[in-house]
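Peer 1: Provided herewith: data.cif, mmCIF, C-alpha atoms and all ligand atoms.
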```
data_upload
loop_
_atom_site.group_PDB
_atom_site.id
_atom_site.type_symbol
_atom_site.label_atom_id
_atom_site.label_comp_id
_atom_site.auth_asym_id
_atom_site.auth_seq_id
_atom_site.Cartn_x
_atom_site.Cartn_y
_atom_site.Cartn_z
ATOM 1 C CA MET W 1 -3.532 20.977 -6.098
ATOM 2 C CA PRO W 2 -4.284 20.266 -9.775
ATOM 3 C CA ILE W 3 -1.142 20.417 -11.921
ATOM 4 C CA LYS W 4 -1.516 20.220 -15.695
ATOM 5 C CA VAL W 5 1.220 18.277 -17.495
ATOM 6 C CA LEU W 6 -0.625 17.272 -20.687
ATOM 7 C CA ASP W 7 -1.822 19.344 -23.637
ATOM 8 C CA ASP W 8 -5.247 19.504 -25.301
ATOM 9 C CA TRP W 9 -4.499 16.182 -27.037
ATOM 10 C CA ASN W 10 -3.841 14.472 -23.709
ATOM 11 C CA THR W 11 -0.145 14.112 -24.438
ATOM 12 C CA GLY W 12 2.898 15.745 -22.920
ATOM 13 C CA PHE W 13 6.684 15.578 -22.887
ATOM 14 C CA TYR W 14 8.355 13.767 -20.011
ATOM 15 C CA SER W 15 10.056 17.064 -19.188
ATOM 16 C CA TRP W 16 6.607 18.532 -18.466
ATOM 17 C CA TRP W 17 5.777 15.593 -16.181
ATOM 18 C CA ALA W 18 9.044 16.064 -14.298
ATOM 19 C CA GLN W 19 8.387 19.804 -13.939
ATOM 20 C CA GLY W 20 4.913 19.048 -12.607
ATOM 21 C CA ILE W 21 6.261 16.594 -10.031
ATOM 22 C CA ASP W 22 8.989 19.052 -8.988
ATOM 23 C CA PHE W 23 6.366 21.820 -8.703
ATOM 24 C CA ALA W 24 4.207 19.609 -6.442
ATOM 25 C CA VAL W 25 7.161 18.795 -4.191
ATOM 26 C CA SER W 26 8.344 22.387 -3.875
ATOM 27 C CA ASN W 27 4.793 23.506 -3.041
ATOM 28 C CA GLY W 28 4.346 21.137 -0.115
ATOM 29 C CA CYS W 29 2.318 18.348 -1.692
ATOM 30 C CA LYS W 30 2.097 15.116 0.362
ATOM 31 C CA ILE W 31 0.608 12.730 -2.207
ATOM 32 C CA ILE W 32 0.949 12.769 -5.985
ATOM 33 C CA ASN W 33 -1.656 10.991 -8.082
ATOM 34 C CA PHE W 34 -0.234 10.470 -11.569
ATOM 35 C CA SER W 35 -2.867 8.778 -13.717
ATOM 36 C CA GLY W 36 -0.699 8.690 -16.812
ATOM 37 C CA GLY W 37 1.976 6.685 -18.479
ATOM 38 C CA GLY W 38 4.310 6.330 -21.424
ATOM 39 C CA THR W 39 6.058 3.435 -23.084
ATOM 40 C CA ALA W 40 9.710 4.426 -22.723
ATOM 41 C CA TYR W 41 11.823 4.922 -19.613
ATOM 42 C CA GLY W 42 12.445 8.585 -18.839
ATOM 43 C CA GLN W 43 15.357 9.592 -16.678
ATOM 44 C CA THR W 44 14.066 13.080 -15.860
ATOM 45 C CA VAL W 45 10.750 11.680 -14.613
ATOM 46 C CA ALA W 46 12.465 8.905 -12.639
ATOM 47 C CA ARG W 47 14.736 11.490 -11.039
ATOM 48 C CA ALA W 48 11.758 13.696 -10.133
ATOM 49 C CA ILE W 49 9.949 10.738 -8.541
ATOM 50 C CA THR W 50 13.025 9.694 -6.557
ATOM 51 C CA ASN W 51 13.400 13.272 -5.356
ATOM 52 C CA ALA W 52 9.709 13.475 -4.413
ATOM 53 C CA ILE W 53 9.883 10.281 -2.344
ATOM 54 C CA ALA W 54 13.083 11.522 -0.668
ATOM 55 C CA HIS W 55 11.055 14.586 0.419
ATOM 56 C CA GLY W 56 8.394 12.389 2.068
ATOM 57 C CA VAL W 57 5.953 12.575 -0.837
ATOM 58 C CA ILE W 58 3.912 9.502 -1.733
ATOM 59 C CA PHE W 59 3.809 8.811 -5.473
ATOM 60 C CA VAL W 60 0.943 6.739 -6.898
ATOM 61 C CA THR W 61 0.588 5.935 -10.577
ATOM 62 C CA ALA W 62 -1.342 3.800 -13.072
ATOM 63 C CA ALA W 63 -0.413 0.363 -14.421
ATOM 64 C CA GLY W 64 -1.616 1.173 -17.940
ATOM 65 C CA ASN W 65 -4.456 -0.023 -20.156
ATOM 66 C CA GLU W 66 -2.894 -2.143 -22.892
ATOM 67 C CA GLY W 67 -3.965 -5.432 -21.354
ATOM 68 C CA GLY W 68 -0.441 -6.771 -21.678
ATOM 69 C CA ASN W 69 2.325 -7.886 -19.390
ATOM 70 C CA VAL W 70 4.320 -4.665 -19.650
ATOM 71 C CA LEU W 71 3.569 -1.831 -17.256
ATOM 72 C CA GLY W 72 3.511 1.753 -18.424
ATOM 73 C CA PHE W 73 6.163 4.191 -17.283
ATOM 74 C CA PRO W 74 6.488 5.369 -14.493
ATOM 75 C CA GLY W 75 4.355 2.458 -13.203
ATOM 76 C CA SER W 76 7.257 0.209 -14.198
ATOM 77 C CA LEU W 77 9.523 1.855 -11.619
ATOM 78 C CA ASP W 78 10.030 -0.058 -8.376
ATOM 79 C CA ALA W 79 9.829 3.265 -6.569
ATOM 80 C CA SER W 80 6.242 3.984 -7.695
ATOM 81 C CA ILE W 81 3.092 2.676 -6.036
ATOM 82 C CA THR W 82 1.573 1.128 -9.171
ATOM 83 C CA VAL W 83 -2.151 0.459 -9.414
ATOM 84 C CA GLY W 84 -4.057 -1.871 -11.736
ATOM 85 C CA ALA W 85 -7.816 -2.068 -12.285
ATOM 86 C CA THR W 86 -10.607 -4.398 -11.240
ATOM 87 C CA ASP W 87 -14.043 -4.622 -12.837
ATOM 88 C CA ARG W 88 -17.584 -4.710 -11.432
ATOM 89 C CA ASN W 89 -17.126 -8.352 -10.373
ATOM 90 C CA ASP W 90 -13.882 -7.746 -8.457
ATOM 91 C CA GLN W 91 -11.955 -9.492 -11.232
ATOM 92 C CA ARG W 92 -8.892 -7.969 -12.864
ATOM 93 C CA ALA W 93 -10.105 -5.733 -15.698
ATOM 94 C CA GLU W 94 -9.010 -7.165 -19.061
ATOM 95 C CA PHE W 95 -7.260 -3.943 -20.050
ATOM 96 C CA SER W 96 -5.216 -3.698 -16.831
ATOM 97 C CA ASP W 97 -1.506 -4.196 -17.477
ATOM 98 C CA SER W 98 0.486 -6.766 -15.509
ATOM 99 C CA GLY W 99 4.039 -6.869 -14.311
ATOM 100 C CA PRO W 100 6.368 -7.501 -11.394
ATOM 101 C CA GLN W 101 6.215 -3.842 -10.291
ATOM 102 C CA LEU W 102 2.396 -3.883 -9.971
ATOM 103 C CA ASP W 103 1.583 -3.286 -6.296
ATOM 104 C CA LEU W 104 -2.192 -3.627 -5.983
ATOM 105 C CA VAL W 105 -5.487 -3.251 -7.861
ATOM 106 C CA ALA W 106 -8.538 -1.041 -7.286
ATOM 107 C CA PRO W 107 -11.874 -0.499 -9.048
ATOM 108 C CA GLY W 108 -11.382 0.976 -12.524
ATOM 109 C CA GLU W 109 -14.475 0.211 -14.581
ATOM 110 C CA ASP W 110 -17.436 2.579 -15.044
ATOM 111 C CA ILE W 111 -16.213 4.933 -12.327
ATOM 112 C CA ALA W 112 -18.303 8.060 -11.761
ATOM 113 C CA THR W 113 -16.363 11.243 -12.481
ATOM 114 C CA LEU W 114 -16.912 14.763 -13.791
ATOM 115 C CA GLY W 115 -16.413 15.879 -17.367
ATOM 116 C CA LEU W 116 -14.745 19.168 -18.332
ATOM 117 C CA ASP W 117 -17.995 21.108 -18.140
ATOM 118 C CA GLY W 118 -19.108 19.457 -14.919
ATOM 119 C CA GLU W 119 -21.451 16.788 -16.229
ATOM 120 C CA LEU W 120 -21.442 13.282 -14.768
ATOM 121 C CA TRP W 121 -19.283 10.773 -16.639
ATOM 122 C CA PHE W 122 -18.613 7.104 -16.150
ATOM 123 C CA ASP W 123 -15.148 6.256 -17.284
ATOM 124 C CA THR W 124 -12.859 3.242 -17.325
ATOM 125 C CA GLY W 125 -9.133 2.640 -16.965
ATOM 126 C CA THR W 126 -6.326 2.259 -14.471
ATOM 127 C CA SER W 127 -6.308 6.084 -14.386
ATOM 128 C CA PHE W 128 -9.476 5.794 -12.296
ATOM 129 C CA SER W 129 -8.090 3.083 -10.019
ATOM 130 C CA THR W 130 -5.038 5.156 -9.168
ATOM 131 C CA PRO W 131 -6.816 8.019 -7.346
ATOM 132 C CA MET W 132 -8.708 5.478 -5.218
ATOM 133 C CA VAL W 133 -5.353 4.364 -3.858
ATOM 134 C CA ALA W 134 -4.050 7.939 -3.631
ATOM 135 C CA GLY W 135 -7.210 8.809 -1.675
ATOM 136 C CA VAL W 136 -6.566 5.983 0.774
ATOM 137 C CA CYS W 137 -2.986 7.259 1.112
ATOM 138 C CA ALA W 138 -4.495 10.606 2.193
ATOM 139 C CA LEU W 139 -6.519 8.805 4.870
ATOM 140 C CA LEU W 140 -3.406 6.932 6.004
ATOM 141 C CA ALA W 141 -1.409 10.171 6.120
ATOM 142 C CA ALA W 142 -4.187 11.697 8.246
ATOM 143 C CA VAL W 143 -3.469 9.166 10.992
ATOM 144 C CA ARG W 144 0.283 9.019 10.263
ATOM 145 C CA PRO W 145 1.374 12.480 9.110
ATOM 146 C CA ASN W 146 4.971 11.400 8.506
ATOM 147 C CA LEU W 147 3.928 8.445 6.371
ATOM 148 C CA THR W 148 6.610 7.522 3.836
ATOM 149 C CA GLN W 149 6.284 5.884 0.440
ATOM 150 C CA ALA W 150 7.598 2.598 1.869
ATOM 151 C CA GLU W 151 5.186 2.692 4.818
ATOM 152 C CA ALA W 152 2.225 3.573 2.589
ATOM 153 C CA LEU W 153 3.097 0.682 0.303
ATOM 154 C CA GLN W 154 3.336 -1.730 3.220
ATOM 155 C CA LEU W 155 -0.021 -0.620 4.653
ATOM 156 C CA LEU W 156 -1.775 -0.738 1.284
ATOM 157 C CA CYS W 157 -0.387 -4.132 0.310
ATOM 158 C CA SER W 158 -0.804 -5.744 3.743
ATOM 159 C CA GLY W 159 -4.424 -4.579 3.854
ATOM 160 C CA ALA W 160 -5.255 -5.521 0.266
ATOM 161 C CA GLU W 161 -7.537 -8.506 -0.194
ATOM 162 C CA ASP W 162 -5.847 -11.426 -1.888
ATOM 163 C CA GLN W 163 -7.493 -14.154 -4.003
ATOM 164 C CA VAL W 164 -10.678 -12.223 -4.710
ATOM 165 C CA GLY W 165 -9.910 -11.997 -8.438
ATOM 166 C CA GLY W 166 -10.643 -15.550 -9.564
ATOM 167 C CA ILE W 167 -8.243 -18.319 -10.538
ATOM 168 C CA THR W 168 -5.566 -15.960 -11.826
ATOM 169 C CA ASP W 169 -5.408 -14.295 -8.389
ATOM 170 C CA THR W 170 -3.045 -16.880 -6.957
ATOM 171 C CA PRO W 171 -2.134 -16.813 -3.242
ATOM 172 C CA GLY W 172 0.134 -13.928 -2.313
ATOM 173 C CA PHE W 173 1.704 -11.592 -4.829
ATOM 174 C CA ASP W 174 0.958 -12.178 -8.490
ATOM 175 C CA THR W 175 1.787 -9.997 -11.461
ATOM 176 C CA SER W 176 -1.883 -9.454 -12.456
ATOM 177 C CA HIS W 177 -3.182 -8.274 -9.064
ATOM 178 C CA GLY W 178 -0.055 -7.294 -7.162
ATOM 179 C CA TRP W 179 -0.781 -7.942 -3.482
ATOM 180 C CA GLY W 180 -4.541 -7.811 -4.009
ATOM 181 C CA ARG W 181 -7.492 -5.443 -4.213
ATOM 182 C CA LEU W 182 -7.395 -2.221 -2.200
ATOM 183 C CA ASN W 183 -9.239 -2.322 1.130
ATOM 184 C CA ALA W 184 -9.217 1.104 2.788
ATOM 185 C CA TYR W 185 -10.613 -0.124 6.108
ATOM 186 C CA HIS W 186 -8.022 -2.871 6.460
ATOM 187 C CA SER W 187 -5.164 -0.510 5.675
ATOM 188 C CA LEU W 188 -6.430 2.083 8.148
ATOM 189 C CA LEU W 189 -6.744 -0.572 10.847
ATOM 190 C CA LEU W 190 -3.163 -1.615 10.169
ATOM 191 C CA ALA W 191 -2.022 2.024 10.306
ATOM 192 C CA THR W 192 -3.522 2.383 13.776
ATOM 193 C CA THR W 193 -2.244 -0.930 15.165
ATOM 194 C CA GLN W 194 -1.734 -0.606 18.893
ATOM 195 C CA VAL W 195 -1.534 -3.222 21.616
ATOM 196 C CA ASP W 196 -4.606 -2.601 23.757
ATOM 197 C CA GLN W 197 -4.644 -5.704 25.965
ATOM 198 C CA VAL W 198 -1.751 -7.193 27.907
ATOM 199 C CA ARG W 199 -2.003 -10.216 30.166
ATOM 200 C CA ARG W 200 1.132 -11.086 32.019
ATOM 201 C CA THR W 201 1.921 -13.735 34.605
ATOM 202 C CA TYR W 202 5.252 -14.946 35.944
ATOM 203 C CA ASN W 203 5.915 -17.164 32.928
ATOM 204 C CA HIS W 204 3.498 -15.951 30.279
ATOM 205 C CA VAL W 205 2.808 -12.814 28.226
ATOM 206 C CA GLU W 206 -0.202 -12.313 25.991
ATOM 207 C CA LEU W 207 -0.624 -9.183 23.867
ATOM 208 C CA SER W 208 -3.585 -8.455 21.629
ATOM 209 C CA TRP W 209 -4.832 -5.730 19.330
ATOM 210 C CA VAL W 210 -7.621 -4.913 16.884
ATOM 211 C CA SER W 211 -6.849 -6.247 13.397
ATOM 212 C CA PRO W 212 -8.428 -6.629 9.926
ATOM 213 C CA ALA W 213 -10.616 -9.604 9.091
ATOM 214 C CA ASN W 214 -7.981 -10.969 6.704
ATOM 215 C CA ALA W 215 -5.104 -10.833 9.203
ATOM 216 C CA GLY W 216 -5.134 -14.618 9.582
ATOM 217 C CA SER W 217 -4.353 -15.162 5.911
ATOM 218 C CA ARG W 218 -1.992 -12.206 5.500
ATOM 219 C CA GLN W 219 -0.158 -12.515 8.860
ATOM 220 C CA PRO W 220 1.030 -8.912 8.622
ATOM 221 C CA TYR W 221 2.523 -8.484 12.092
ATOM 222 C CA GLN W 222 5.853 -8.788 13.804
ATOM 223 C CA VAL W 223 6.355 -8.495 17.550
ATOM 224 C CA GLU W 224 9.584 -7.058 18.867
ATOM 225 C CA TYR W 225 11.075 -7.036 22.342
ATOM 226 C CA LYS W 226 13.747 -5.249 24.277
ATOM 227 C CA SER W 227 14.869 -6.012 27.775
ATOM 228 C CA SER W 228 15.559 -2.414 28.818
ATOM 229 C CA LEU W 229 14.968 1.054 27.432
ATOM 230 C CA GLY W 230 18.570 1.348 26.360
ATOM 231 C CA SER W 231 18.790 -1.902 24.435
ATOM 232 C CA GLY W 232 17.808 -2.550 20.833
ATOM 233 C CA TRP W 233 14.575 -4.072 19.580
ATOM 234 C CA VAL W 234 14.804 -7.788 18.825
ATOM 235 C CA PRO W 235 12.228 -9.356 16.473
ATOM 236 C CA LEU W 236 10.485 -12.427 17.885
ATOM 237 C CA THR W 237 10.091 -14.756 14.972
ATOM 238 C CA ASN W 238 8.000 -17.695 16.134
ATOM 239 C CA PRO W 239 4.885 -17.627 13.870
ATOM 240 C CA SER W 240 3.006 -20.050 16.117
ATOM 241 C CA ALA W 241 2.970 -17.396 18.844
ATOM 242 C CA PHE W 242 0.225 -15.593 16.874
ATOM 243 C CA ARG W 243 -3.458 -16.463 17.065
ATOM 244 C CA TYR W 244 -5.970 -14.784 14.757
ATOM 245 C CA GLU W 245 -9.596 -14.354 15.708
ATOM 246 C CA ALA W 246 -12.312 -12.248 14.086
ATOM 247 C CA GLY W 247 -11.140 -8.668 14.298
ATOM 248 C CA ARG W 248 -8.385 -9.337 16.843
ATOM 249 C CA THR W 249 -4.890 -10.778 16.836
ATOM 250 C CA TYR W 250 -3.244 -12.370 19.891
ATOM 251 C CA TRP W 251 0.429 -12.964 20.486
ATOM 252 C CA ASN W 252 1.517 -15.335 23.211
ATOM 253 C CA ASP W 253 4.853 -16.185 24.656
ATOM 254 C CA ASP W 254 5.417 -18.683 27.415
ATOM 255 C CA GLY W 255 9.073 -17.747 27.749
ATOM 256 C CA SER W 256 10.272 -20.661 25.642
ATOM 257 C CA GLU W 257 11.348 -18.515 22.717
ATOM 258 C CA THR W 258 13.601 -16.071 24.486
ATOM 259 C CA GLY W 259 13.090 -16.563 28.180
ATOM 260 C CA ILE W 260 11.705 -13.051 28.267
ATOM 261 C CA ALA W 261 8.381 -13.543 29.951
ATOM 262 C CA THR W 262 9.857 -13.894 33.401
ATOM 263 C CA SER W 263 11.758 -10.616 33.188
ATOM 264 C CA THR W 264 10.672 -7.029 32.830
ATOM 265 C CA GLY W 265 10.826 -5.740 29.299
ATOM 266 C CA TYR W 266 9.092 -3.927 26.491
ATOM 267 C CA PHE W 267 7.104 -5.216 23.548
ATOM 268 C CA ARG W 268 5.869 -3.575 20.365
ATOM 269 C CA VAL W 269 3.954 -4.764 17.343
ATOM 270 C CA LYS W 270 4.930 -3.653 13.852
ATOM 271 C CA LEU W 271 3.978 -4.530 10.314
ATOM 272 C CA ARG W 272 6.323 -6.711 8.372
ATOM 273 C CA PRO W 273 6.665 -6.643 4.573
ATOM 274 C CA PRO W 274 3.795 -8.569 2.865
ATOM 275 C CA GLN W 275 4.624 -12.243 2.352
HETATM 276 CA CA CA M 301 -2.812 -12.773 -5.389
#
```
Hey, can you dump this file as structure tokens for me?

Peer 2:
Amino acid sequence: MPIKVLDDWNTGFYSWWAQGIDFAVSNGCKIINFSGGGTAYGQTVARAITNAIAHGVIFVTAAGNEGGNVLGFPGSLDASITVGATDRNDQRAEFSDSGPQLDLVAPGEDIATLGLDGELWFDTGTSFSTPMVAGVCALLAAVRPNLTQAEALQLLCSGAEDQVGGITDTPGFDTSHGWGRLNAYHSLLLATTQVDQVRRTYNHVELSWVSPANAGSRQPYQVEYKSSLGSGWVPLTNPSAFRYEAGRTYWNDDGSETGIATSTGYFRVKLRPPQ
């Protein structure tokens, strides 16, 4: 649903933004794309965002276009999914703001859009990167209807491609690119992770599942085990148990880690926070 929170001059009070967010939540919205930002912190907006996320809404917003190392508000909130811009060469766009709360980047230069009277426009800014991420959140929510803000963030950031942005895109998180450049396919693969092959012998278990091409560098998975239905899940932490091949991840245990392979039990694979 389109919700207007700015006036004819493209400005609006924070109270209008908060009312717009509250309106979206009370009318059943699942994902909010907020391609806007201010310079000051605003308590009413922060409260509205916190409330939205508590209601299962995913809130995506823009980093800002000052080219500096201060994110716009509400992109500066930890709670927001904050999106910066890349250019035609997959490099961080010069105008895209940086900061520790930046989560990922997406294309934001010369993006095709519609003007007010329906003509084709090409426009530039983190405002155009943000709906790319919000759109991927809609795809993720289609396969996981109860997707939360935290889960969406984990899927987006674990699937994002790291070190594609040149020398400033240092390994892992960095304040210019967040966790990397959006990759919808990777994030959808992660959202549908399911063990589809199990090989088990008296002293050996091997699980495997379909995974993104960059799984070897991102290592996004965690395998958990429980010995009976009534017991709790225990994370298995040995990283050398994983083997990454093109499009598939394997997890092996010879019983040495927990002695589990010789007994009956249950395994599951989950995503872990990006590292
Ligand atoms: Ca990086």

Peer 1: Can you report as lines of an AutoDock Vina configuration file the centre and edge lengths in Å, to one decimal, of an axis-aligned box around the listed atoms of stretch 225-233 of chain W padded with 8 Å on each side?

Peer 2:
```
center_x = 14.9
center_y = -2.8
center_z = 24.2
size_x = 23.7
size_y = 24.4
size_z = 25.2
```

Peer 1: Starting from the PyMOL selection byres (((chain W and resi 224) around 7) and not hetatm), expand the selection into actual residues of this file and give them as a list in words.

Peer 2: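 Checked against the file, the PyMOL selection byres (((chain W and resi 224) around 7) and not hetatm) matches Gln222, Val223, Tyr225, Trp233, Val234, Pro235, Leu236, Phe267, Arg268 and Val269 of chain W.
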
Peer 1: Go through the chains and note each residue within 7 Å of ligand CA 301 (chain M), using all atoms listed in the file, then give the set as a list in words.

Peer 2: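 For ligand CA 301 (chain M), the residues inside 7 Å are Asp162, Gln163, Asp169, Thr170, Pro171, Gly172, Phe173, Asp174, His177, Gly178, Trp179 and Gly180 of chain W.
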
Peer 1: Go ahead and save the picked residues with C-alpha atoms, as a PDB file, in the frame of the given file.

Peer 2:
```
ATOM      1  CA  ASP W 162      -5.847 -11.426  -1.888  1.00  0.00           C
ATOM      2  CA  GLN W 163      -7.493 -14.154  -4.003  1.00  0.00           C
ATOM      3  CA  ASP W 169      -5.408 -14.295  -8.389  1.00  0.00           C
ATOM      4  CA  THR W 170      -3.045 -16.880  -6.957  1.00  0.00           C
ATOM      5  CA  PRO W 171      -2.134 -16.813  -3.242  1.00  0.00           C
ATOM      6  CA  GLY W 172       0.134 -13.928  -2.313  1.00  0.00           C
ATOM      7  CA  PHE W 173       1.704 -11.592  -4.829  1.00  0.00           C
ATOM      8  CA  ASP W 174       0.958 -12.178  -8.490  1.00  0.00           C
ATOM      9  CA  HIS W 177      -3.182  -8.274  -9.064  1.00  0.00           C
ATOM     10  CA  GLY W 178      -0.055  -7.294  -7.162  1.00  0.00           C
ATOM     11  CA  TRP W 179      -0.781  -7.942  -3.482  1.00  0.00           C
ATOM     12  CA  GLY W 180      -4.541  -7.811  -4.009  1.00  0.00           C
TER      13      GLY W 180
END
```

Peer 1: Taking 2 positions as the minimum chain separation for residues in the same chain, which residues sit within 12 Å of W:Arg199 when counting all atoms listed in the file? Answer as a ChimeraX atom specification.

Peer 2: /W:195-197,201-208,250-254,261

Peer 1: Residues at most 10 Å from W:Val83, counting all atoms listed in the file, excluding those fewer than 4 positions away in the same chain, as a ChimeraX atom specification?

Peer 2: /W:35,60-64,71,75,96-98,101-108,126-134,177-178,181-182

Peer 1: Point out the residue among W:Cys137, W:Gly165, W:Trp9, W:Cys29 with the least atom-to-atom distance to W:Ala85, counting only C-alpha atoms.

Peer 2: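 Of W:Cys137, W:Gly165, W:Trp9, W:Cys29, the one nearest W:Ala85, counting only C-alpha atoms, is W:Gly165.
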
Peer 1: With the PyMOL selection byres (((chain W and resi 244) around 12) and not hetatm) as the selection, what would be picked from this file? Answer as an MDAnalysis selection string, please.

Peer 2: chainID W and resid 207:221 239:243 245:252

Peer 1: Could you add the missing atoms to stretch 79-95 of chain W, up to N, CA and C atoms, and return them as an mmCIF file, in the coordinates of the input?

Peer 2:
```cif
data_model
loop_
_atom_site.group_PDB
_atom_site.id
_atom_site.type_symbol
_atom_site.label_atom_id
_atom_site.label_comp_id
_atom_site.auth_asym_id
_atom_site.auth_seq_id
_atom_site.Cartn_x
_atom_site.Cartn_y
_atom_site.Cartn_z
ATOM 1 N N ALA W 79 10.087 2.203 -7.553
ATOM 2 C CA ALA W 79 9.829 3.265 -6.569
ATOM 3 C C ALA W 79 8.364 3.675 -6.525
ATOM 4 N N SER W 80 7.638 3.538 -7.634
ATOM 5 C CA SER W 80 6.242 3.984 -7.695
ATOM 6 C C SER W 80 5.328 3.016 -6.955
ATOM 7 N N ILE W 81 4.217 3.533 -6.426
ATOM 8 C CA ILE W 81 3.092 2.676 -6.036
ATOM 9 C C ILE W 81 2.231 2.544 -7.288
ATOM 10 N N THR W 82 2.172 1.346 -7.851
ATOM 11 C CA THR W 82 1.573 1.128 -9.171
ATOM 12 C C THR W 82 0.264 0.367 -9.028
ATOM 13 N N VAL W 83 -0.786 0.922 -9.655
ATOM 14 C CA VAL W 83 -2.151 0.459 -9.414
ATOM 15 C C VAL W 83 -2.776 -0.070 -10.706
ATOM 16 N N GLY W 84 -3.281 -1.300 -10.652
ATOM 17 C CA GLY W 84 -4.057 -1.871 -11.736
ATOM 18 C C GLY W 84 -5.548 -1.770 -11.446
ATOM 19 N N ALA W 85 -6.364 -2.259 -12.373
ATOM 20 C CA ALA W 85 -7.816 -2.068 -12.285
ATOM 21 C C ALA W 85 -8.554 -3.389 -12.094
ATOM 22 N N THR W 86 -9.648 -3.300 -11.298
ATOM 23 C CA THR W 86 -10.607 -4.398 -11.240
ATOM 24 C C THR W 86 -11.913 -3.936 -11.880
ATOM 25 N N ASP W 87 -12.766 -4.934 -12.215
ATOM 26 C CA ASP W 87 -14.043 -4.622 -12.837
ATOM 27 C C ASP W 87 -15.173 -4.709 -11.817
ATOM 28 N N ARG W 88 -16.418 -4.717 -12.325
ATOM 29 C CA ARG W 88 -17.584 -4.710 -11.432
ATOM 30 C C ARG W 88 -17.673 -5.988 -10.600
ATOM 31 N N ASN W 89 -17.049 -7.064 -11.065
ATOM 32 C CA ASN W 89 -17.126 -8.352 -10.373
ATOM 33 C C ASN W 89 -15.891 -8.631 -9.521
ATOM 34 N N ASP W 90 -15.086 -7.599 -9.274
ATOM 35 C CA ASP W 90 -13.882 -7.746 -8.457
ATOM 36 C C ASP W 90 -12.822 -8.589 -9.152
ATOM 37 N N GLN W 91 -12.966 -8.780 -10.456
ATOM 38 C CA GLN W 91 -11.955 -9.492 -11.232
ATOM 39 C C GLN W 91 -11.009 -8.456 -11.840
ATOM 40 N N ARG W 92 -9.790 -8.888 -12.170
ATOM 41 C CA ARG W 92 -8.892 -7.969 -12.864
ATOM 42 C C ARG W 92 -9.538 -7.540 -14.177
ATOM 43 N N ALA W 93 -9.568 -6.231 -14.432
ATOM 44 C CA ALA W 93 -10.105 -5.733 -15.698
ATOM 45 C C ALA W 93 -9.197 -6.192 -16.836
ATOM 46 N N GLU W 94 -9.789 -6.575 -17.961
ATOM 47 C CA GLU W 94 -9.010 -7.165 -19.061
ATOM 48 C C GLU W 94 -7.933 -6.221 -19.578
ATOM 49 N N PHE W 95 -8.204 -4.918 -19.500
ATOM 50 C CA PHE W 95 -7.260 -3.943 -20.050
ATOM 51 C C PHE W 95 -6.099 -3.648 -19.111
#
```
